[in-house]
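Coordinates as given in data28.pdb (PDB, C-alpha atoms and all ligand atoms):
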```pdb
MODEL        1
ATOM      1  CA  MET T 134     -32.307  -4.399 -24.793
ATOM      2  CA  LYS T 135     -32.693  -2.101 -27.777
ATOM      3  CA  GLN T 136     -35.752  -2.468 -30.011
ATOM      4  CA  PRO T 137     -34.766  -4.798 -32.903
ATOM      5  CA  LEU T 138     -34.726  -3.243 -36.376
ATOM      6  CA  THR T 139     -37.168  -4.510 -38.982
ATOM      7  CA  GLN T 140     -35.273  -3.240 -42.032
ATOM      8  CA  LYS T 141     -33.531  -5.468 -44.567
ATOM      9  CA  ILE T 142     -29.802  -4.946 -44.862
ATOM     10  CA  CYS T 143     -27.521  -6.129 -47.660
ATOM     11  CA  PHE T 144     -23.716  -6.195 -47.365
ATOM     12  CA  LEU T 145     -21.785  -5.691 -50.607
ATOM     13  CA  GLY T 146     -18.420  -7.261 -49.945
ATOM     14  CA  ALA T 147     -18.262 -10.145 -47.523
ATOM     15  CA  GLY T 148     -14.835  -9.647 -45.970
ATOM     16  CA  SER T 149     -13.598  -9.198 -42.425
ATOM     17  CA  MET T 150     -15.339  -5.876 -41.743
ATOM     18  CA  ALA T 151     -18.684  -7.083 -43.069
ATOM     19  CA  GLU T 152     -18.420 -10.233 -40.970
ATOM     20  CA  ALA T 153     -17.518  -8.230 -37.854
ATOM     21  CA  ILE T 154     -20.700  -6.141 -38.206
ATOM     22  CA  ILE T 155     -22.906  -9.088 -39.209
ATOM     23  CA  ARG T 156     -21.788 -11.100 -36.220
ATOM     24  CA  GLY T 157     -22.292  -8.162 -33.878
ATOM     25  CA  LEU T 158     -25.798  -7.486 -35.235
ATOM     26  CA  ILE T 159     -26.826 -11.103 -34.790
ATOM     27  CA  ASP T 160     -25.214 -11.629 -31.380
ATOM     28  CA  THR T 161     -26.899  -8.511 -30.016
ATOM     29  CA  LYS T 162     -30.185  -9.494 -31.718
ATOM     30  CA  LEU T 163     -30.550  -6.059 -33.324
ATOM     31  CA  LEU T 164     -31.390  -7.786 -36.611
ATOM     32  CA  GLU T 165     -32.607 -11.287 -37.266
ATOM     33  CA  PRO T 166     -30.346 -13.232 -39.655
ATOM     34  CA  ILE T 167     -33.239 -13.503 -42.110
ATOM     35  CA  ARG T 168     -33.126  -9.716 -42.613
ATOM     36  CA  ILE T 169     -29.408  -9.794 -43.430
ATOM     37  CA  SER T 170     -27.919 -10.687 -46.804
ATOM     38  CA  ALA T 171     -24.426 -10.536 -48.253
ATOM     39  CA  VAL T 172     -23.152 -10.510 -51.804
ATOM     40  CA  ASN T 173     -19.594 -10.679 -53.066
ATOM     41  CA  ARG T 174     -17.871 -10.135 -56.374
ATOM     42  CA  SER T 175     -16.760 -13.747 -56.444
ATOM     43  CA  ASN T 176     -15.825 -16.399 -53.897
ATOM     44  CA  ALA T 177     -19.062 -18.315 -53.452
ATOM     45  CA  LYS T 178     -17.318 -20.443 -50.810
ATOM     46  CA  ARG T 179     -16.888 -17.431 -48.556
ATOM     47  CA  LEU T 180     -20.586 -16.555 -48.866
ATOM     48  CA  GLN T 181     -21.618 -20.123 -48.112
ATOM     49  CA  GLU T 182     -19.399 -20.074 -45.043
ATOM     50  CA  LEU T 183     -21.106 -16.881 -43.794
ATOM     51  CA  SER T 184     -24.532 -18.302 -44.530
ATOM     52  CA  ARG T 185     -23.743 -21.501 -42.615
ATOM     53  CA  ARG T 186     -22.177 -19.636 -39.716
ATOM     54  CA  TYR T 187     -24.811 -16.912 -39.254
ATOM     55  CA  GLY T 188     -27.910 -18.075 -41.149
ATOM     56  CA  ILE T 189     -27.892 -15.005 -43.407
ATOM     57  CA  THR T 190     -29.239 -14.926 -46.973
ATOM     58  CA  ILE T 191     -26.845 -15.234 -49.898
ATOM     59  CA  PRO T 192     -27.642 -15.174 -53.631
ATOM     60  CA  GLN T 193     -28.345 -18.567 -55.148
ATOM     61  CA  ALA T 194     -27.970 -17.240 -58.698
ATOM     62  CA  GLU T 195     -26.614 -14.106 -60.376
ATOM     63  CA  ALA T 196     -30.142 -12.637 -60.703
ATOM     64  CA  ASP T 197     -30.678 -13.034 -56.948
ATOM     65  CA  LYS T 198     -27.769 -10.729 -56.326
ATOM     66  CA  ASP T 199     -29.487  -7.761 -57.998
ATOM     67  CA  ARG T 200     -32.779  -8.514 -56.249
ATOM     68  CA  LEU T 201     -31.158  -8.638 -52.811
ATOM     69  CA  ILE T 202     -29.501  -5.281 -53.430
ATOM     70  CA  ARG T 203     -32.622  -3.649 -54.870
ATOM     71  CA  ASP T 204     -34.919  -4.944 -52.100
ATOM     72  CA  ALA T 205     -32.708  -3.901 -49.205
ATOM     73  CA  ASP T 206     -33.637  -0.887 -47.041
ATOM     74  CA  ILE T 207     -29.995  -0.500 -46.113
ATOM     75  CA  VAL T 208     -27.051  -1.281 -48.402
ATOM     76  CA  VAL T 209     -23.637  -1.511 -46.773
ATOM     77  CA  LEU T 210     -20.634  -0.879 -49.029
ATOM     78  CA  ALA T 211     -17.918  -3.088 -47.565
ATOM     79  CA  MET T 212     -15.478  -3.742 -50.387
ATOM     80  CA  LYS T 213     -11.867  -2.562 -50.522
ATOM     81  CA  PRO T 214     -11.343   0.978 -51.822
ATOM     82  CA  LYS T 215      -9.514  -0.398 -54.894
ATOM     83  CA  ASP T 216     -12.611  -2.429 -55.864
ATOM     84  CA  ALA T 217     -15.092   0.339 -55.138
ATOM     85  CA  GLY T 218     -14.814   2.196 -58.472
ATOM     86  CA  ALA T 219     -15.900  -0.743 -60.620
ATOM     87  CA  ALA T 220     -18.371  -2.029 -58.037
ATOM     88  CA  LEU T 221     -20.175   1.250 -57.495
ATOM     89  CA  ALA T 222     -20.529   2.108 -61.176
ATOM     90  CA  SER T 223     -22.245  -1.217 -61.783
ATOM     91  CA  LEU T 224     -24.441  -0.737 -58.719
ATOM     92  CA  ALA T 225     -25.834   2.625 -59.661
ATOM     93  CA  SER T 226     -28.824   1.282 -61.601
ATOM     94  CA  LEU T 227     -29.865  -0.952 -58.680
ATOM     95  CA  LEU T 228     -29.864   1.694 -55.999
ATOM     96  CA  HIS T 229     -32.796   4.047 -55.353
ATOM     97  CA  ASN T 230     -33.285   6.975 -53.042
ATOM     98  CA  GLU T 231     -35.509   5.163 -50.572
ATOM     99  CA  GLN T 232     -32.493   3.127 -49.567
ATOM    100  CA  LEU T 233     -29.920   4.142 -47.020
ATOM    101  CA  ILE T 234     -26.344   3.597 -48.180
ATOM    102  CA  ILE T 235     -23.825   2.927 -45.448
ATOM    103  CA  SER T 236     -20.184   3.004 -46.501
ATOM    104  CA  VAL T 237     -17.429   1.538 -44.364
ATOM    105  CA  ILE T 238     -14.861   2.165 -47.119
ATOM    106  CA  ALA T 239     -11.796   4.075 -45.950
ATOM    107  CA  GLY T 240     -11.087   7.380 -47.639
ATOM    108  CA  ILE T 241     -14.021   7.722 -50.048
ATOM    109  CA  SER T 242     -16.114  10.820 -49.367
ATOM    110  CA  THR T 243     -19.890  11.016 -49.565
ATOM    111  CA  ASP T 244     -19.511  13.442 -52.487
ATOM    112  CA  ALA T 245     -17.255  11.028 -54.368
ATOM    113  CA  LEU T 246     -19.723   8.189 -53.735
ATOM    114  CA  MET T 247     -22.581  10.263 -55.138
ATOM    115  CA  LYS T 248     -20.514  11.121 -58.201
ATOM    116  CA  MET T 249     -19.774   7.432 -58.726
ATOM    117  CA  PHE T 250     -23.456   6.552 -58.409
ATOM    118  CA  GLY T 251     -24.361   9.472 -60.638
ATOM    119  CA  LYS T 252     -27.183  10.410 -58.252
ATOM    120  CA  GLU T 253     -27.804  11.892 -54.843
ATOM    121  CA  LEU T 254     -28.593   9.251 -52.259
ATOM    122  CA  PRO T 255     -28.764   9.261 -48.476
ATOM    123  CA  ILE T 256     -25.283   8.139 -47.450
ATOM    124  CA  VAL T 257     -23.826   7.435 -44.039
ATOM    125  CA  ARG T 258     -20.056   7.371 -44.174
ATOM    126  CA  THR T 259     -18.598   5.384 -41.311
ATOM    127  CA  MET T 260     -15.298   4.260 -39.935
ATOM    128  CA  PRO T 261     -15.800   1.173 -37.766
ATOM    129  CA  ASN T 262     -13.232  -1.330 -36.577
ATOM    130  CA  THR T 263     -13.045  -5.092 -36.361
ATOM    131  CA  SER T 264     -13.705  -5.161 -32.601
ATOM    132  CA  SER T 265     -17.367  -4.777 -33.632
ATOM    133  CA  THR T 266     -17.223  -8.587 -33.865
ATOM    134  CA  ILE T 267     -17.443  -8.796 -30.075
ATOM    135  CA  GLY T 268     -19.532  -5.702 -29.432
ATOM    136  CA  LEU T 269     -16.500  -3.565 -28.549
ATOM    137  CA  GLY T 270     -16.216  -1.642 -31.795
ATOM    138  CA  ALA T 271     -15.510   2.065 -32.035
ATOM    139  CA  THR T 272     -17.299   3.677 -34.978
ATOM    140  CA  ALA T 273     -17.497   7.223 -36.227
ATOM    141  CA  LEU T 274     -20.400   8.275 -38.439
ATOM    142  CA  CYS T 275     -21.192  11.262 -40.615
ATOM    143  CA  PHE T 276     -24.243  11.850 -42.771
ATOM    144  CA  SER T 277     -24.964  13.304 -46.187
ATOM    145  CA  LYS T 278     -27.774  15.867 -46.112
ATOM    146  CA  GLN T 279     -30.167  13.431 -47.787
ATOM    147  CA  VAL T 280     -30.196  11.135 -44.727
ATOM    148  CA  SER T 281     -33.514  11.372 -42.844
ATOM    149  CA  GLU T 282     -33.842  11.419 -39.053
ATOM    150  CA  GLU T 283     -35.195   7.888 -39.138
ATOM    151  CA  GLN T 284     -32.283   6.680 -41.265
ATOM    152  CA  ARG T 285     -29.843   8.336 -38.863
ATOM    153  CA  ARG T 286     -31.417   6.349 -36.065
ATOM    154  CA  TRP T 287     -31.022   3.093 -38.046
ATOM    155  CA  ALA T 288     -27.336   3.777 -38.635
ATOM    156  CA  GLU T 289     -26.714   4.779 -35.035
ATOM    157  CA  ALA T 290     -28.589   1.676 -33.806
ATOM    158  CA  ILE T 291     -26.575  -0.627 -36.088
ATOM    159  CA  PHE T 292     -23.206   0.617 -34.903
ATOM    160  CA  ALA T 293     -24.292   1.168 -31.272
ATOM    161  CA  SER T 294     -25.246  -2.509 -31.227
ATOM    162  CA  VAL T 295     -21.621  -3.407 -31.926
ATOM    163  CA  GLY T 296     -19.800  -0.822 -29.797
ATOM    164  CA  ILE T 297     -19.542   2.909 -29.218
ATOM    165  CA  VAL T 298     -20.574   5.498 -31.793
ATOM    166  CA  LYS T 299     -19.217   9.010 -32.315
ATOM    167  CA  ILE T 300     -20.836  11.427 -34.744
ATOM    168  CA  VAL T 301     -18.149  13.551 -36.399
ATOM    169  CA  ASP T 302     -17.843  16.059 -39.186
ATOM    170  CA  GLU T 303     -16.861  14.321 -42.427
ATOM    171  CA  SER T 304     -13.555  16.241 -42.439
ATOM    172  CA  LEU T 305     -12.524  14.191 -39.366
ATOM    173  CA  ILE T 306     -13.358  10.710 -40.587
ATOM    174  CA  ASP T 307      -9.821  10.116 -41.901
ATOM    175  CA  ALA T 308      -8.445  11.077 -38.481
ATOM    176  CA  VAL T 309     -10.736   8.464 -36.948
ATOM    177  CA  THR T 310      -9.324   5.939 -39.417
ATOM    178  CA  GLY T 311      -5.853   6.761 -38.096
ATOM    179  CA  VAL T 312      -6.875   6.324 -34.468
ATOM    180  CA  SER T 313      -9.506   3.606 -34.186
ATOM    181  CA  GLY T 314     -10.083   2.190 -37.695
ATOM    182  CA  SER T 315      -6.513   0.968 -38.052
ATOM    183  CA  GLY T 316      -5.968   1.140 -34.273
ATOM    184  CA  PRO T 317      -6.597  -2.492 -33.323
ATOM    185  CA  ALA T 318      -3.643  -3.459 -35.538
ATOM    186  CA  TYR T 319      -1.292  -1.157 -33.592
ATOM    187  CA  ILE T 320      -2.321  -2.780 -30.318
ATOM    188  CA  TYR T 321      -1.885  -6.281 -31.778
ATOM    189  CA  TYR T 322       1.538  -5.191 -33.026
ATOM    190  CA  VAL T 323       2.537  -4.112 -29.517
ATOM    191  CA  MET T 324       1.094  -7.344 -28.113
ATOM    192  CA  GLU T 325       3.132  -9.413 -30.582
ATOM    193  CA  ALA T 326       6.252  -7.664 -29.322
ATOM    194  CA  MET T 327       5.369  -8.157 -25.634
ATOM    195  CA  ILE T 328       4.738 -11.863 -26.238
ATOM    196  CA  GLU T 329       8.011 -12.200 -28.137
ATOM    197  CA  GLY T 330       9.885 -10.423 -25.340
ATOM    198  CA  GLY T 331       8.390 -12.847 -22.798
ATOM    199  CA  ILE T 332       9.321 -15.854 -24.933
ATOM    200  CA  GLN T 333      12.888 -14.585 -25.300
ATOM    201  CA  LEU T 334      13.058 -14.451 -21.500
ATOM    202  CA  GLY T 335      11.941 -18.079 -21.210
ATOM    203  CA  LEU T 336       8.128 -17.958 -20.789
ATOM    204  CA  THR T 337       6.114 -20.447 -22.798
ATOM    205  CA  PRO T 338       4.238 -18.860 -25.730
ATOM    206  CA  GLU T 339       0.922 -19.651 -23.997
ATOM    207  CA  THR T 340       1.909 -18.015 -20.714
ATOM    208  CA  ALA T 341       3.414 -14.985 -22.470
ATOM    209  CA  LYS T 342       0.211 -14.605 -24.492
ATOM    210  CA  GLU T 343      -2.163 -14.960 -21.543
ATOM    211  CA  LEU T 344      -0.208 -12.468 -19.453
ATOM    212  CA  THR T 345      -0.081 -10.013 -22.349
ATOM    213  CA  VAL T 346      -3.789 -10.270 -23.139
ATOM    214  CA  GLN T 347      -4.797  -9.740 -19.515
ATOM    215  CA  THR T 348      -2.381  -6.825 -19.228
ATOM    216  CA  VAL T 349      -3.849  -5.069 -22.274
ATOM    217  CA  LEU T 350      -7.421  -5.760 -21.147
ATOM    218  CA  GLY T 351      -6.651  -4.550 -17.629
ATOM    219  CA  ALA T 352      -4.883  -1.412 -18.833
ATOM    220  CA  ALA T 353      -7.752  -0.418 -21.152
ATOM    221  CA  ARG T 354     -10.335  -1.082 -18.445
ATOM    222  CA  MET T 355      -8.312   0.927 -15.903
ATOM    223  CA  VAL T 356      -8.453   3.972 -18.168
ATOM    224  CA  GLN T 357     -12.183   3.425 -18.730
ATOM    225  CA  ILE T 358     -13.201   2.704 -15.132
ATOM    226  CA  THR T 359     -10.984   5.106 -13.193
ATOM    227  CA  GLY T 360     -11.404   7.929 -15.718
ATOM    228  CA  GLU T 361      -7.747   8.791 -15.163
ATOM    229  CA  ASP T 362      -5.499   9.834 -18.003
ATOM    230  CA  PRO T 363      -3.243   7.116 -19.439
ATOM    231  CA  ALA T 364      -0.241   9.324 -18.551
ATOM    232  CA  GLU T 365      -1.308   9.434 -14.879
ATOM    233  CA  LEU T 366      -1.906   5.677 -14.770
ATOM    234  CA  ARG T 367       1.493   5.133 -16.383
ATOM    235  CA  ARG T 368       3.129   7.193 -13.638
ATOM    236  CA  LYS T 369       1.518   4.948 -11.014
ATOM    237  CA  VAL T 370       3.161   1.885 -12.546
ATOM    238  CA  THR T 371       6.520   3.589 -12.845
ATOM    239  CA  SER T 372       8.477   3.524  -9.569
ATOM    240  CA  PRO T 373      11.423   5.941  -9.661
ATOM    241  CA  GLY T 374      14.552   4.035 -10.594
ATOM    242  CA  GLY T 375      12.504   0.854 -11.002
ATOM    243  CA  THR T 376      11.904  -1.678 -13.734
ATOM    244  CA  THR T 377       9.184   0.184 -15.661
ATOM    245  CA  GLN T 378      11.237   3.340 -15.807
ATOM    246  CA  ALA T 379      14.128   1.326 -17.175
ATOM    247  CA  ALA T 380      11.868  -0.224 -19.824
ATOM    248  CA  LEU T 381      10.259   3.086 -20.819
ATOM    249  CA  GLU T 382      13.653   4.746 -21.160
ATOM    250  CA  VAL T 383      14.693   2.101 -23.673
ATOM    251  CA  MET T 384      11.382   2.477 -25.551
ATOM    252  CA  ALA T 385      11.766   6.277 -25.616
ATOM    253  CA  SER T 386      15.275   5.859 -27.012
ATOM    254  CA  TYR T 387      13.623   4.030 -29.917
ATOM    255  CA  ARG T 388      11.084   6.905 -30.105
ATOM    256  CA  LEU T 389       8.157   4.531 -29.674
ATOM    257  CA  GLN T 390       5.552   7.220 -28.953
ATOM    258  CA  GLU T 391       6.685   9.332 -31.892
ATOM    259  CA  ALA T 392       6.547   6.231 -34.108
ATOM    260  CA  ILE T 393       2.944   5.612 -33.073
ATOM    261  CA  ILE T 394       1.905   9.255 -33.565
ATOM    262  CA  GLN T 395       3.459   9.221 -37.035
ATOM    263  CA  GLY T 396       1.712   5.903 -37.758
ATOM    264  CA  VAL T 397      -1.689   7.370 -36.812
ATOM    265  CA  ARG T 398      -0.997  10.369 -39.072
ATOM    266  CA  ARG T 399       0.154   8.170 -41.950
ATOM    267  CA  SER T 400      -2.981   6.013 -41.738
ATOM    268  CA  ALA T 401      -5.159   9.139 -42.010
ATOM    269  CA  GLU T 402      -3.038  10.423 -44.890
ATOM    270  CA  ARG T 403      -3.298   7.056 -46.645
ATOM    271  CA  ALA T 404      -7.094   7.210 -46.326
ATOM    272  CA  VAL T 405      -7.011  10.559 -48.161
ATOM    273  CA  GLU T 406      -4.788   9.050 -50.875
ATOM    274  CA  LEU T 407      -7.122   6.074 -51.333
ATOM    275  CA  GLY T 408     -10.052   8.456 -51.723
ATOM    276  CA  GLN T 409      -8.205  10.656 -54.199
ATOM    277  CA  GLN T 410      -7.343   7.686 -56.380
ATOM    278  CA  LEU T 411     -11.057   7.069 -56.813
ATOM    279  CA  ASP T 412     -12.553  10.543 -56.818
ATOM    280  CA  PRO T 413     -14.169  10.977 -60.265
ATOM    281  CA  SER T 414     -13.825  14.785 -60.019
ATOM    282  CA  ARG T 415     -10.039  14.412 -60.245
ATOM    283  CA  ASP T 416     -10.334  13.592 -63.936
ATOM    284  CA  GLN T 417     -12.136  16.842 -64.722
TER
HETATM  285  N1  LIG P 501     -10.680  -4.485 -41.875
HETATM  286  C1  LIG P 501     -10.793  -3.422 -41.086
HETATM  287  O1  LIG P 501     -10.276  -3.374 -39.949
HETATM  288  C2  LIG P 501     -11.582  -2.231 -41.539
HETATM  289  C3  LIG P 501     -11.958  -2.103 -42.857
HETATM  290  N2  LIG P 501     -12.653  -1.006 -43.265
HETATM  291  C4  LIG P 501     -13.059  -0.884 -44.654
HETATM  292  O2  LIG P 501     -13.893  -1.983 -44.940
HETATM  293  C5  LIG P 501     -13.763  -2.331 -46.314
HETATM  294  C6  LIG P 501     -13.568  -3.824 -46.423
HETATM  295  O3  LIG P 501     -12.381  -4.172 -45.738
HETATM  296  P1  LIG P 501     -12.114  -5.685 -45.316
HETATM  297  O4  LIG P 501     -13.381  -6.299 -44.858
HETATM  298  O5  LIG P 501     -10.938  -5.658 -44.436
HETATM  299  O6  LIG P 501     -11.708  -6.268 -46.753
HETATM  300  P2  LIG P 501     -11.753  -7.773 -47.276
HETATM  301  O7  LIG P 501     -10.774  -7.871 -48.378
HETATM  302  O8  LIG P 501     -11.702  -8.721 -46.125
HETATM  303  O9  LIG P 501     -13.227  -7.868 -47.916
HETATM  304  C7  LIG P 501     -13.644  -7.179 -49.058
HETATM  305  C8  LIG P 501     -14.662  -8.044 -49.769
HETATM  306  O10 LIG P 501     -15.242  -7.307 -50.847
HETATM  307  C9  LIG P 501     -15.482  -8.205 -51.921
HETATM  308  N3  LIG P 501     -15.655  -7.437 -53.163
HETATM  309  C10 LIG P 501     -14.704  -6.911 -53.965
HETATM  310  N4  LIG P 501     -15.309  -6.321 -55.046
HETATM  311  C11 LIG P 501     -16.632  -6.472 -54.895
HETATM  312  C12 LIG P 501     -17.765  -6.110 -55.675
HETATM  313  N5  LIG P 501     -17.609  -5.483 -56.860
HETATM  314  N6  LIG P 501     -18.999  -6.430 -55.227
HETATM  315  C13 LIG P 501     -19.146  -7.085 -54.065
HETATM  316  N7  LIG P 501     -18.105  -7.471 -53.299
HETATM  317  C14 LIG P 501     -16.881  -7.168 -53.695
HETATM  318  C15 LIG P 501     -14.278  -9.116 -51.903
HETATM  319  O11 LIG P 501     -14.565 -10.318 -52.560
HETATM  320  C16 LIG P 501     -14.069  -9.307 -50.382
HETATM  321  O12 LIG P 501     -14.824 -10.393 -49.898
HETATM  322  C17 LIG P 501     -12.598  -1.535 -46.892
HETATM  323  O13 LIG P 501     -13.095  -0.532 -47.708
HETATM  324  C18 LIG P 501     -11.912  -0.954 -45.673
HETATM  325  O14 LIG P 501     -11.420   0.350 -45.944
HETATM  326  C19 LIG P 501     -13.051  -0.035 -42.397
HETATM  327  C20 LIG P 501     -12.711  -0.116 -41.080
HETATM  328  C21 LIG P 501     -11.921  -1.196 -40.541
HETATM  329  O1  LIG P 502      -6.273  -1.017 -43.579
HETATM  330  C1  LIG P 502      -7.274  -0.495 -44.073
HETATM  331  O2  LIG P 502      -7.203   0.127 -45.138
HETATM  332  C2  LIG P 502      -8.602  -0.625 -43.370
HETATM  333  C3  LIG P 502      -9.199   0.696 -43.016
HETATM  334  C4  LIG P 502      -9.086   0.816 -41.533
HETATM  335  C5  LIG P 502      -8.644  -0.495 -41.115
HETATM  336  N1  LIG P 502      -8.421  -1.285 -42.116
ENDMDL
END
```
Could you take the file, read its structure, and then write that structure out as structure tokens?
Ligand SMILES: NC(=O)C1=CN([C@@H]2O[C@H](COP(=O)(O)OP(=O)(O)OC[C@H]3O[C@@H](n4cnc5c(N)ncnc54)[C@H](O)[C@@H]3O)[C@@H](O)[C@H]2O)C=CC1
Ligand SMILES: O=C(O)[C@@H]1CCC=N1
Amino acid sequence: MKQPLTQKICFLGAGSMAEAIIRGLIDTKLLEPIRISAVNRSNAKRLQELSRRYGITIPQAEADKDRLIRDADIVVLAMKPKDAGAALASLASLLHNEQLIISVIAGISTDALMKMFGKELPIVRTMPNTSSTIGLGATALCFSKQVSEEQRRWAEAIFASVGIVKIVDESLIDAVTGVSGSGPAYIYYVMEAMIEGGIQLGLTPETAKELTVQTVLGAARMVQITGEDPAELRRKVTSPGGTTQAALEVMASYRLQEAIIQGVRRSAERAVELGQQLDPSRDQ
């Protein structure tokens, strides 16, 4: 097991991504719940739910909120891009350069974050995904030049505890968003369709779901364990003139692969748009 971290970490924004990471950190024992806190703009009920579920610290009063942020060694920005502008401006006075800032926000560059804070801080920009909840996340990281070696190790340890980590150049983070940040939703979308197809053919919803889940799990593990390309594994399923070929021909006629490629590209493009909407330098 990895050495547990002793730093204090505060999540700003207590939504699905924050919960996925919090749960992963606790389940893998990388951080004790007592070292984890979460604050939200509103919705005290949501914070209480997280506190009950994971034993993490939440503010009891408005003043606590500022203290939790100021005292944290690591501050994770986990609000929606549309809320980031207002949130980050009000945060600036609480943050100091001994803290590591980790952003999971899609589209917002480290430069834009620094402009919003009005100061240079060590920032790790990340693109995780919700599979971090069960330790199967896929996260890309990039670092601003202010991030120390030790802080890099903290960030890598946090995301390695909830899945795989890839270090990429910041120019590629939006591409990662298109592939693995939004990616789980594409797979769920395909699964929904497989289940529906099974139901239309008379399977019960439960049986269609169980068969679909095991099929997706098995297919992903086959790629991982055999090391073979998905295209090669697909060929092995596809007997000439058989059922799979017939199915794939119909899917190709609907241009399924092209639709997915264009979806990946659009997600990355949308990340850029979200960042541009918030980049303070655009007003100059
Ligand atoms: N959900 C996902 O699969 C992924 C999300 N992300 C990024 O994670 C971020 C959060 O996404 P979700 O968790 O899905 O959103 P969400 O809507 O579930 O959670 C966002 C939370 O931020 C809170 N919030 C809003 N303004 C705030 C403020 N001023 N101070 C503190 N908290 C504030 C909201 O109350 C809400 O609880 C987004 O920036 C998104 O781009 C990144 C990778 C994957
Ligand atoms: O949909 C979104 O904007 C976020 C970023 C990646 C996954 N969810």
Compute the set of protein, DNA and RNA residues whose minimum atom distance to ligand LIG 501 (chain P) is at most 9 Å, using all atoms listed in the file, and state it as number ranges by chain. T: 144-153, 171-176, 179-180, 210-221, 223-224, 236-241, 259-264, 272, 310, 313-318, 404, 407
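Separating CA of Cys275 in chain T from CA of Gly360 in chain T is a distance of 27.0 Å.
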Which residues fall under the PyMOL selection byres (((chain T and resi 157) around 10) and not hetatm) in this file, as a PyMOL selection string? chain T and resi 151-156+158-164+264-270+291-296
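Interatomic distance, CA of Val208 in chain T against CA of Ile142 in chain T: 5.8 Å.
Checking T:Leu350, T:Thr376, T:Asp307, T:Gly188 one by one against ligand LIG 502 (chain P), counting only C-alpha atoms and all ligand atoms, you find the shortest gap at T:Asp307.
Computed from the coordinates, the CA of Leu227 in chain T to CA of Asp199 in chain T distance equals 6.9 Å.
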Pick from T:Ala225, T:Gly251, T:Glu402, T:Leu183: nearest to Leu305 in chain T, with only C-alpha atoms counted? T:Glu402
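Residue nearest ligand LIG 502 (chain P), chosen from T:Glu406, T:Glu391, T:Glu283, T:Asp302 and counting all atoms listed in the file: T:Glu406.
Evaluated on this file, the PyMOL selection byres (((chain T and resi 232) around 9) and not hetatm) matches T:Arg203, T:Asp204, T:Ala205, T:Asp206, T:Ile207, T:Val208, T:Leu228, T:His229, T:Asn230, T:Glu231, T:Leu233, T:Ile234, T:Leu254, T:Pro255.
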Among the residues T:Gly311, T:Pro338, T:Gly330, T:Gly374, the one that comes closest to Arg398 in chain T [using only C-alpha atoms]: T:Gly311
Would you compute an axis-aligned box for ligand LIG 502 (chain P), covering every atom listed for it in the file with 3 Å of margin on each side, and report centre and edge lengths in Å to one decimal as AutoDock Vina command-line options?
```
--center_x -7.7 --center_y -0.2 --center_z -43.1 --size_x 8.9 --size_y 8.1 --size_z 10.0
```
Counting all atoms listed in the file, which residue out of T:Lys178, T:Arg168, T:Arg186, T:Arg399 sits closest to Val312 in chain T? T:Arg399
With all atoms listed in the file as the atoms that count, which of T:Leu344, T:Val309, T:Gln140, T:Lys369 lies nearest to ligand LIG 502 (chain P)? T:Val309
